Structure formats: structure tokens, C-alpha cells
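J.: run07.txt is reproduced in full below (compact mmCIF, C-alpha atoms).
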```txt
# COMPACT_ATOMS: atom_id res chain seq x y z
CA MET F 1 26.67 76.86 -12.78
CA ASP F 2 28.16 78.78 -15.74
CA THR F 3 29.04 82.45 -15.20
CA PHE F 4 27.79 84.79 -17.93
CA LYS F 5 29.87 87.85 -18.81
CA SER F 6 28.02 91.13 -19.25
CA PRO F 7 27.92 92.27 -22.90
CA THR F 8 30.10 95.26 -23.67
CA HIS F 9 28.19 96.50 -26.72
CA PRO F 10 26.29 99.65 -25.70
CA SER F 11 23.10 98.55 -27.49
CA CYS F 12 22.89 95.37 -25.41
CA ARG F 13 21.07 95.18 -22.10
CA GLU F 14 23.05 93.93 -19.15
CA ARG F 15 22.23 90.29 -18.44
CA PRO F 16 21.68 89.11 -14.88
CA GLY F 17 24.45 87.06 -13.26
CA PRO F 18 24.04 83.43 -12.19
CA VAL F 19 21.24 82.82 -9.71
CA PRO F 20 22.55 81.43 -6.41
CA ILE F 21 21.33 77.95 -5.50
CA THR F 22 19.15 77.94 -2.41
CA ILE F 23 17.78 74.62 -1.16
CA PRO F 24 14.85 75.10 1.24
CA ALA F 25 14.60 73.18 4.51
CA SER F 26 12.77 69.84 4.27
CA PRO F 27 9.40 71.02 5.66
CA PHE F 28 9.12 73.49 2.78
CA MET F 29 9.38 70.86 0.06
CA GLN F 30 7.04 68.07 -1.03
CA LYS F 31 8.34 64.62 -0.11
CA LEU F 32 8.55 62.38 -3.18
CA GLY F 33 9.96 59.22 -1.64
CA TYR F 34 12.67 57.72 0.46
CA GLY F 35 15.48 55.18 0.40
CA THR F 36 18.03 53.76 2.81
CA GLY F 37 18.94 56.69 5.03
CA VAL F 38 17.69 59.35 2.60
CA ASN F 39 14.54 61.23 1.64
CA VAL F 40 13.79 62.71 -1.77
CA TYR F 41 11.91 65.99 -2.12
CA LEU F 42 10.40 68.03 -4.94
CA MET F 43 11.99 71.48 -5.14
CA LYS F 44 10.00 73.98 -7.19
CA ARG F 45 12.17 76.74 -8.59
CA SER F 46 11.20 80.30 -9.41
CA PRO F 47 14.38 82.38 -9.08
CA ARG F 48 13.72 86.11 -9.52
CA GLY F 49 10.12 85.32 -10.42
CA LEU F 50 11.09 83.07 -13.34
CA SER F 51 9.48 79.67 -13.70
CA ARG F 52 12.11 76.93 -13.99
CA SER F 53 11.88 73.16 -14.22
CA PRO F 54 11.68 71.55 -10.75
CA TRP F 55 14.45 69.50 -9.18
CA ALA F 56 14.42 66.32 -7.13
CA VAL F 57 16.53 66.85 -4.00
CA LYS F 58 18.03 63.98 -2.04
CA LYS F 59 18.79 64.66 1.63
CA ILE F 60 19.99 62.53 4.54
CA ASN F 61 17.17 61.46 6.84
CA SER F 62 17.44 63.57 10.00
CA GLN F 63 16.40 60.55 12.11
CA CYS F 64 19.70 58.78 11.37
CA ASN F 65 22.25 58.70 14.18
CA ARG F 66 25.62 60.43 13.84
CA SER F 67 27.54 57.42 12.48
CA GLN F 68 24.78 56.68 9.97
CA GLN F 69 24.69 60.32 8.90
CA SER F 70 28.42 60.19 8.23
CA LEU F 71 28.06 57.01 6.13
CA TYR F 72 25.14 58.33 4.09
CA GLN F 73 26.81 61.72 3.57
CA GLN F 74 29.81 59.92 2.11
CA ARG F 75 27.53 57.90 -0.17
CA LEU F 76 25.77 61.09 -1.24
CA ARG F 77 29.12 62.68 -2.11
CA GLU F 78 30.07 59.61 -4.13
CA GLU F 79 26.73 59.65 -5.93
CA ALA F 80 27.13 63.35 -6.76
CA LYS F 81 30.64 62.71 -8.09
CA ILE F 82 29.43 59.88 -10.33
CA LEU F 83 26.23 61.58 -11.47
CA ARG F 84 28.06 64.78 -12.42
CA ASP F 85 29.87 62.84 -15.14
CA LEU F 86 26.75 61.23 -16.63
CA GLN F 87 24.60 62.69 -19.40
CA HIS F 88 21.99 60.48 -21.04
CA PRO F 89 18.23 60.83 -21.67
CA ASN F 90 17.53 57.61 -19.75
CA ILE F 91 19.65 58.50 -16.70
CA VAL F 92 18.43 61.10 -14.20
CA GLY F 93 20.68 64.16 -14.62
CA TYR F 94 22.89 65.98 -12.12
CA ARG F 95 21.99 69.54 -11.13
CA ALA F 96 23.93 70.52 -7.98
CA PHE F 97 25.57 69.31 -4.78
CA THR F 98 25.21 71.98 -2.14
CA GLU F 99 24.13 72.86 1.38
CA ALA F 100 20.50 73.47 2.32
CA ASN F 101 19.29 76.27 4.59
CA ASP F 102 19.19 73.80 7.49
CA GLY F 103 22.88 72.93 7.04
CA SER F 104 22.45 69.47 5.51
CA MET F 105 24.20 68.51 2.27
CA CYS F 106 21.85 67.91 -0.66
CA LEU F 107 22.12 66.32 -4.07
CA ALA F 108 19.86 68.15 -6.52
CA MET F 109 18.89 66.15 -9.59
CA GLU F 110 16.74 66.43 -12.66
CA TYR F 111 13.10 65.83 -11.77
CA GLY F 112 12.87 62.74 -13.94
CA GLY F 113 9.29 61.74 -13.35
CA ASP F 114 6.14 61.95 -11.31
CA LYS F 115 6.54 58.53 -9.71
CA SER F 116 8.88 55.58 -9.47
CA LEU F 117 8.05 52.41 -11.37
CA ASN F 118 7.59 50.77 -7.97
CA ASP F 119 4.93 53.36 -7.05
CA LEU F 120 3.05 52.55 -10.26
CA ILE F 121 3.33 48.80 -9.61
CA GLU F 122 1.88 49.24 -6.11
CA GLU F 123 -0.97 51.43 -7.41
CA ARG F 124 -1.83 48.90 -10.09
CA ARG F 125 -1.80 46.04 -7.58
CA GLU F 126 -4.04 47.93 -5.14
CA LYS F 127 -6.54 48.60 -7.93
CA GLY F 128 -6.52 44.94 -9.03
CA LEU F 129 -5.62 45.86 -12.61
CA GLY F 130 -3.30 42.93 -13.35
CA PRO F 131 -0.03 43.02 -15.33
CA PHE F 132 1.03 46.14 -17.20
CA PRO F 133 0.26 45.95 -20.93
CA ALA F 134 3.01 44.21 -22.91
CA ASP F 135 3.76 47.34 -24.97
CA THR F 136 4.28 49.36 -21.75
CA ILE F 137 6.75 46.76 -20.45
CA PHE F 138 8.52 46.94 -23.83
CA LYS F 139 8.84 50.76 -23.47
CA VAL F 140 10.39 50.37 -20.04
CA ALA F 141 12.73 47.61 -21.25
CA LEU F 142 13.90 49.73 -24.19
CA SER F 143 14.54 52.82 -22.07
CA MET F 144 16.35 50.86 -19.36
CA ALA F 145 18.46 49.02 -21.95
CA ARG F 146 19.54 52.34 -23.44
CA GLY F 147 20.52 53.65 -20.01
CA LEU F 148 22.35 50.46 -19.05
CA LYS F 149 24.22 50.31 -22.35
CA TYR F 150 25.43 53.87 -21.73
CA LEU F 151 26.55 53.05 -18.18
CA HIS F 152 28.25 49.76 -19.08
CA ASN F 153 29.83 50.54 -22.44
CA ASP F 154 30.35 54.29 -22.47
CA LYS F 155 31.08 54.92 -18.78
CA LYS F 156 32.31 51.48 -17.69
CA LEU F 157 30.02 51.56 -14.66
CA LEU F 158 27.89 48.89 -13.03
CA HIS F 159 24.74 50.53 -11.65
CA GLY F 160 24.68 48.01 -8.80
CA ASP F 161 21.08 48.42 -7.64
CA ILE F 162 18.66 48.05 -10.55
CA LYS F 163 15.05 47.57 -9.37
CA SER F 164 11.65 49.23 -9.86
CA PRO F 165 12.17 51.85 -7.08
CA ASN F 166 15.24 53.10 -8.99
CA VAL F 167 13.34 53.75 -12.21
CA VAL F 168 11.38 57.00 -12.51
CA VAL F 169 8.51 57.47 -14.93
CA LYS F 170 7.13 60.70 -16.38
CA GLY F 171 3.42 60.86 -17.18
CA ASP F 172 2.04 57.91 -19.10
CA PHE F 173 5.50 56.38 -19.64
CA GLU F 174 6.48 59.33 -21.83
CA ALA F 175 9.97 59.16 -20.33
CA VAL F 176 11.66 56.42 -18.31
CA LYS F 177 14.94 57.09 -16.48
CA ILE F 178 17.26 55.09 -14.23
CA CYS F 179 18.19 56.85 -10.98
CA ASP F 180 20.23 56.30 -7.80
CA VAL F 181 23.79 55.63 -8.94
CA GLY F 182 25.12 55.94 -5.39
CA VAL F 183 26.37 52.34 -5.16
CA SER F 184 27.64 51.97 -8.73
CA LEU F 185 31.01 50.31 -9.28
CA PRO F 186 33.71 50.73 -11.94
CA LEU F 187 34.04 47.99 -14.58
CA ASP F 188 37.34 47.00 -16.15
CA GLU F 189 37.93 46.21 -19.82
CA ASN F 190 36.39 42.76 -19.27
CA MET F 191 33.19 44.28 -17.81
CA THR F 192 34.21 42.96 -14.38
CA VAL F 193 34.36 44.63 -10.96
CA SER F 194 38.00 43.72 -10.39
CA ASP F 195 38.90 45.94 -7.41
CA PRO F 196 38.83 43.55 -4.39
CA GLU F 197 38.08 46.43 -2.01
CA LEU F 198 34.82 47.29 -3.75
CA CYS F 199 31.68 45.52 -2.62
CA TYR F 200 28.48 44.94 -4.58
CA ILE F 201 25.60 46.18 -2.44
CA GLY F 202 22.40 45.79 -4.46
CA THR F 203 19.04 44.96 -2.88
CA GLU F 204 18.51 41.39 -1.74
CA PRO F 205 15.44 40.24 -3.78
CA TRP F 206 17.07 41.50 -7.02
CA LYS F 207 20.54 40.05 -6.38
CA PRO F 208 21.93 37.49 -8.83
CA LYS F 209 23.44 34.22 -7.63
CA GLU F 210 27.03 35.43 -8.04
CA ALA F 211 26.37 38.38 -5.68
CA LEU F 212 25.17 35.97 -2.99
CA GLU F 213 28.31 33.81 -3.16
CA GLU F 214 31.34 34.69 -1.07
CA ASP F 215 33.75 34.55 -4.01
CA GLY F 216 31.27 35.44 -6.74
CA VAL F 217 32.65 37.43 -9.68
CA ILE F 218 30.58 40.55 -10.30
CA THR F 219 30.25 41.73 -13.90
CA ASP F 220 27.89 43.90 -15.94
CA LYS F 221 25.59 40.85 -16.01
CA ALA F 222 24.60 41.52 -12.37
CA ASP F 223 22.67 44.55 -13.64
CA ILE F 224 21.14 42.40 -16.40
CA PHE F 225 19.75 39.90 -13.89
CA ALA F 226 18.14 42.72 -11.89
CA PHE F 227 16.86 44.27 -15.13
CA GLY F 228 15.12 40.97 -15.95
CA LEU F 229 13.52 40.91 -12.50
CA THR F 230 12.27 44.48 -13.03
CA LEU F 231 10.38 43.26 -16.11
CA TRP F 232 9.06 40.38 -13.96
CA GLU F 233 7.79 42.95 -11.43
CA MET F 234 5.71 44.59 -14.15
CA MET F 235 4.21 41.23 -15.15
CA THR F 236 3.44 40.07 -11.60
CA LEU F 237 3.10 43.32 -9.57
CA SER F 238 5.20 41.63 -6.87
CA ILE F 239 8.60 41.87 -5.19
CA PRO F 240 10.85 39.01 -6.36
CA HIS F 241 10.78 35.91 -4.11
CA ILE F 242 8.77 37.49 -1.29
CA ASP F 243 5.79 35.21 -1.97
CA ARG F 244 7.98 32.15 -1.30
CA GLY F 245 8.71 33.41 2.19
CA MET F 246 5.03 34.01 2.79
CA GLY F 247 4.49 30.34 2.09
CA THR F 248 1.20 30.53 0.19
CA GLY F 249 2.28 31.92 -3.16
CA ASP F 250 -0.53 34.45 -2.76
CA GLU F 251 0.99 37.79 -3.67
CA ASP F 252 -2.07 39.69 -2.35
CA GLU F 253 -1.65 38.36 1.18
CA SER F 254 -0.54 40.96 3.73
CA PHE F 255 3.08 40.63 4.81
CA ASP F 256 3.43 39.15 8.29
CA GLU F 257 6.99 39.30 9.62
CA ASP F 258 6.32 36.73 12.35
CA SER F 259 5.14 34.06 9.93
CA PHE F 260 7.63 34.84 7.16
CA ASP F 261 9.64 31.76 6.17
CA GLU F 262 13.19 33.10 5.86
CA GLU F 263 14.65 29.71 4.94
CA ALA F 264 12.32 29.32 1.96
CA TYR F 265 13.00 32.91 0.90
CA TYR F 266 16.81 32.63 1.05
CA GLU F 267 16.71 29.29 -0.74
CA VAL F 268 15.29 30.88 -3.90
CA LEU F 269 17.30 34.12 -3.94
CA GLY F 270 19.33 34.46 -7.14
CA THR F 271 17.02 32.17 -9.11
CA ARG F 272 14.40 32.90 -11.76
CA PRO F 273 10.97 33.38 -10.12
CA ALA F 274 7.93 31.84 -11.77
CA LEU F 275 5.33 33.75 -13.79
CA ASN F 276 1.61 33.23 -13.61
CA MET F 277 1.15 32.31 -17.27
CA GLU F 278 -2.65 32.34 -16.93
CA GLU F 279 -2.49 36.14 -16.57
CA LEU F 280 -0.27 36.62 -19.62
CA ASP F 281 -1.70 36.36 -23.13
CA PRO F 282 0.46 35.77 -26.27
CA SER F 283 1.29 39.51 -26.54
CA TYR F 284 3.66 39.06 -23.56
CA GLN F 285 5.78 36.32 -25.12
CA TYR F 286 8.54 38.66 -26.27
CA MET F 287 8.93 40.14 -22.78
CA ILE F 288 8.69 36.70 -21.18
CA ASP F 289 11.56 35.51 -23.39
CA LEU F 290 13.64 38.58 -22.53
CA PHE F 291 12.99 38.15 -18.80
CA SER F 292 13.95 34.46 -19.02
CA VAL F 293 17.28 34.96 -20.79
CA CYS F 294 18.26 37.85 -18.50
CA THR F 295 17.62 35.80 -15.34
CA THR F 296 19.69 32.77 -16.34
CA GLU F 297 21.74 31.79 -13.28
CA ASP F 298 25.00 31.56 -15.27
CA PRO F 299 25.99 35.21 -15.88
CA LYS F 300 27.92 34.26 -19.02
CA LYS F 301 24.67 33.13 -20.63
CA ARG F 302 22.90 36.43 -19.98
CA PRO F 303 22.95 38.97 -22.83
CA SER F 304 24.79 42.27 -22.52
CA ALA F 305 22.92 45.57 -22.40
CA SER F 306 24.16 46.42 -25.90
CA SER F 307 22.86 43.07 -27.24
CA ILE F 308 19.47 43.60 -25.59
CA LEU F 309 19.27 47.13 -27.00
CA GLU F 310 20.17 45.95 -30.49
CA VAL F 311 17.37 43.37 -30.47
CA LEU F 312 14.78 45.75 -28.99
CA GLU F 313 15.60 48.56 -31.42
CA ALA F 314 15.42 46.12 -34.33
CA SER F 315 11.91 45.20 -33.15
CA VAL F 316 10.92 48.88 -33.14
CA ALA F 317 12.29 49.32 -36.68
CA GLN F 318 10.16 46.43 -37.92
CA VAL F 319 6.91 47.96 -36.64
```
Could you write out this file's structure as C-alpha cells?
T.:
Amino acid sequence: MDTFKSPTHPSCRERPGPVPITIPASPFMQKLGYGTGVNVYLMKRSPRGLSRSPWAVKKINSQCNRSQQSLYQQRLREEAKILRDLQHPNIVGYRAFTEANDGSMCLAMEYGGDKSLNDLIEERREKGLGPFPADTIFKVALSMARGLKYLHNDKKLLHGDIKSPNVVVKGDFEAVKICDVGVSLPLDENMTVSDPELCYIGTEPWKPKEALEEDGVITDKADIFAFGLTLWEMMTLSIPHIDRGMGTGDEDESFDEDSFDEEAYYEVLGTRPALNMEELDPSYQYMIDLFSVCTTEDPKKRPSASSILEVLEASVAQV
């Protein structure tokens, strides 16, 4: 936090110094969500009686054992280091990396939105509302493309875990931001993850074919495949490929681990899942086309984030 010097002019009032950062213990904050080994909380801020914008605070789950805590703390440090260097309206911003009152390390971030895109998908599915409107999907695609173009081209970073839970939405899609850069990887001049010691982590249903192969070459196009599947999520209100493992193709059926067909599920990972075209009227065609080209199995045939953004912004200009 910047330190302000007191004014020396006698007619000026003395300004207060920087307000120390105090992160409350978990029970005193509202839980927003959770991820692998971490919980995310809403931290309301009113230092010295002033009303400030809230923060989202990521903390290690206290239920993790000691070795897990060590692993997730290291990931949190890496995420803080990466996030500190990012500044873009479609990427959740860095605020602080500090210790909470209970002794745990915390990553404080911009409070980017009320809910994740995944939360909104689940709510819509539970209410039986069907696919998101095509113009809403377009808004999300445009915002995500802007964020990905910044990461890939300006920062030479692969996000590495694009999916609906890692997209936060403010209000009625007034703002859409990509979050959770904790597993991002550096890209070389060829947009390739060339360091052999670095491993693409991702999340299984959103992984492209090359990330499932032992010697697969990971490039910026891994994010593009997952981006395409995120648009698919908004059109189907489903998790990619899960319905194949359930065997019926009925996305409303309750998940039963005992009857889940792992072989069928793993067989289709990295491929383009089908859309229910009966639910999609002609207004969706543009998003269907974008989803299709982004989920091509050959990464070289997928468009770059900058190409996607160029096309989407041209469409906005024509309206």
C-alpha cells in the first residue's frame, strides 16, 4: 500500500497514514465459494469508519492436512506473485497477500462479482430456464476474450484452468472477470509452454486432447479449448462430458458415483461435446460457430484469443 507523506504547507490538514490491513478470522466473513484446498470469503472493509469496496479473500481450508496445507500455501504464494503483476478490467485484481488474525496466509483480491458463472449456470438449471440468451453468452465471450488476449499476448501467460467456476459475474452481467490464476504457466515467443518441468494442471472435463496425452504440447490454444467449453456450458447448463458417464444423456439426472461409467467418460474427454440443437434457435448460431471452432481437436486449427477478440469486437461495431 502506498505511503502518503504529510503536507508541509501550514494551511493543509494533516492526512492520515496508510490503514493497516487486517484480515478477520474465517468465521467473521461470509463464505463465497471454495476450490481445491481453499475457501473464498467476502471481506467487508470500513477502516476508521470509512466505507470501502469489499475484497474477496482466499484462504487455505483448515481441514487440509499438514502436507496439503504446505502445497496449497505455495500455490497461493505463486498466485499472489502472478496476480500482483496483472491489471486488466476482465481479470480479477490483486489487493494484498498477508496474514489473517488466525495466523493463516491470505490472498486478498478485488471483489469481482456476486457469483461465479458456474453458480449462475446451476441456478438456471435448477429453475428449468434453459440456455442463457445468446446475447448474454456473447457478452461473456467478449469479456473472456479480452482477458485471455491480455494474458496470452501482453503477459505471455497461459491461464491453465479456464472454466465457468473461474469466471465471476457482477450483477446482470454488467462485468465479467476471469479469476484464479494460481496454476497459470509462462508462454514462450511461440505461445508454447516450453519448460519441461512445468505441468499443465487444468480441470479434467475442460482439458483439451493435447493435455491428456503424455507428450502433448501445451500452447495458448489449451485455454481456447476450455473457453469454447465454457460457452457450451452456458448453452447446455451442464458440465462437459459428465452426461456420457451417466449413460443416459439426461443432464437432469442426479449424479450417482456407483453407476458412473468412467470408461465412457474418459473416452470422450478432449473432444467436442454435442449440443441439443432443439433448444437453440437461430440467434445462437454465432456462438455455436465460435464454440465449434474453439473446440477443434487440432490446437493449430483453433483461433487465438486476439483473433477471437477481433471478430467479436467487429460484430459489436456493426450493431
J.: Quick one: pull the distance between atom CA of Ala96 of chain F and atom CA of Asp180 of chain F, Å, one decimal.
T.: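 Atom CA of Ala96 of chain F sits 14.7 Å away from atom CA of Asp180 of chain F.
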J.: Please build the interface table for segment 170-240 of chain F against segment 140-143 of chain F with a cut-off of 9 Å, listing for each qualifying residue the nearest atom pair and the distance in Å to one decimal; count only C-alpha atoms, order rows by chain and increasing number, and write it as a Markdown table.
T.:
```
| residue | atom | partner | partner_atom | distance |
| --- | --- | --- | --- | --- |
| F:Phe173 | CA | F:Val140 | CA | 7.8 |
| F:Ala175 | CA | F:Ser143 | CA | 8.0 |
| F:Val176 | CA | F:Ser143 | CA | 5.9 |
| F:Lys177 | CA | F:Ser143 | CA | 7.0 |
| F:Ile178 | CA | F:Ser143 | CA | 8.6 |
| F:Phe227 | CA | F:Ala141 | CA | 8.1 |
| F:Gly228 | CA | F:Ala141 | CA | 8.8 |
| F:Thr230 | CA | F:Ala141 | CA | 8.8 |
| F:Leu231 | CA | F:Ala141 | CA | 7.1 |
```
J.: Nearest to Ile121 of chain F among F:Val181, F:Ile82, F:Leu157, F:Met235, with distances taken over all atoms listed in the file: which residue is it?
T.: F:Met235
J.: Go through F:Ala145, F:Cys179, F:Phe138, F:Tyr150 one by one, measure the shortest atom-to-atom distance of each to Val92 of chain F using only C-alpha atoms, and give the residue with the smallest value.
T.: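 The shortest atom-to-atom distance to Val92 of chain F comes from F:Cys179.
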J.: Quick one: of F:Ser164, F:Gln318, F:Thr192, F:Thr136, who's nearest to Met287 of chain F, counting all atoms listed in the file?
T.: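 For Met287 of chain F, the nearest of the given residues is F:Thr136.
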J.: Could you check how far atom CA of Lys127 of chain F sits from atom CA of Asp289 of chain F, in Å to one decimal?
T.: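 Going from atom CA of Lys127 of chain F over to atom CA of Asp289 of chain F covers 27.2 Å.
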J.: Taking into account only C-alpha atoms, which residue in the set F:Leu290, F:Ile224, F:Ile218, F:Val311 is nearest to Lys163 of chain F?
T.: F:Ile224
J.: Just checking: using only C-alpha atoms, which residue out of F:Arg124, F:Lys209, F:His159, F:Lys115 ends up closest to Thr271 of chain F?
T.: F:Lys209
J.: Got a sec: who's within 6 Å of Leu158 of chain F, counting all atoms listed in the file, leaving out chain neighbours fewer than 2 positions off, as a ChimeraX atom specification?
T.: /F:160,184-185,220
J.: One decimal, Å: what's the distance from atom CA of Arg75 of chain F over to atom CA of Ser116 of chain F, could you say?
T.: 21.0 Å
J.: With distances taken over only C-alpha atoms, which residue among F:Ala264, F:Lys139, F:Val168, F:Pro133 lies nearest Glu279 of chain F?
T.: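 Using only C-alpha atoms, Glu279 of chain F sits closest to F:Pro133.
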J.: Tell me which protein, DNA and RNA residues are within 12 Å of Glu278 of chain F, counting all atoms listed in the file, leaving out same-chain ones fewer than 2 positions away, and put them as a ChimeraX atom specification.
T.: /F:130-131,235-236,274-276,280-282,284
J.: Got a sec: who's within 8 Å of Ser292 of chain F, counting all atoms listed in the file, leaving out chain neighbours fewer than 4 positions off, as an mmCIF file with C-alpha atoms, keeping the file's coordinate frame?
T.:
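New file around-v8.cif:
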```cif
data_model
loop_
_atom_site.group_PDB
_atom_site.id
_atom_site.type_symbol
_atom_site.label_atom_id
_atom_site.label_comp_id
_atom_site.auth_asym_id
_atom_site.auth_seq_id
_atom_site.Cartn_x
_atom_site.Cartn_y
_atom_site.Cartn_z
ATOM 1 C CA GLY F 228 15.120 40.970 -15.950
ATOM 2 C CA ARG F 272 14.400 32.900 -11.760
ATOM 3 C CA ILE F 288 8.690 36.700 -21.180
ATOM 4 C CA THR F 296 19.690 32.770 -16.340
#
```
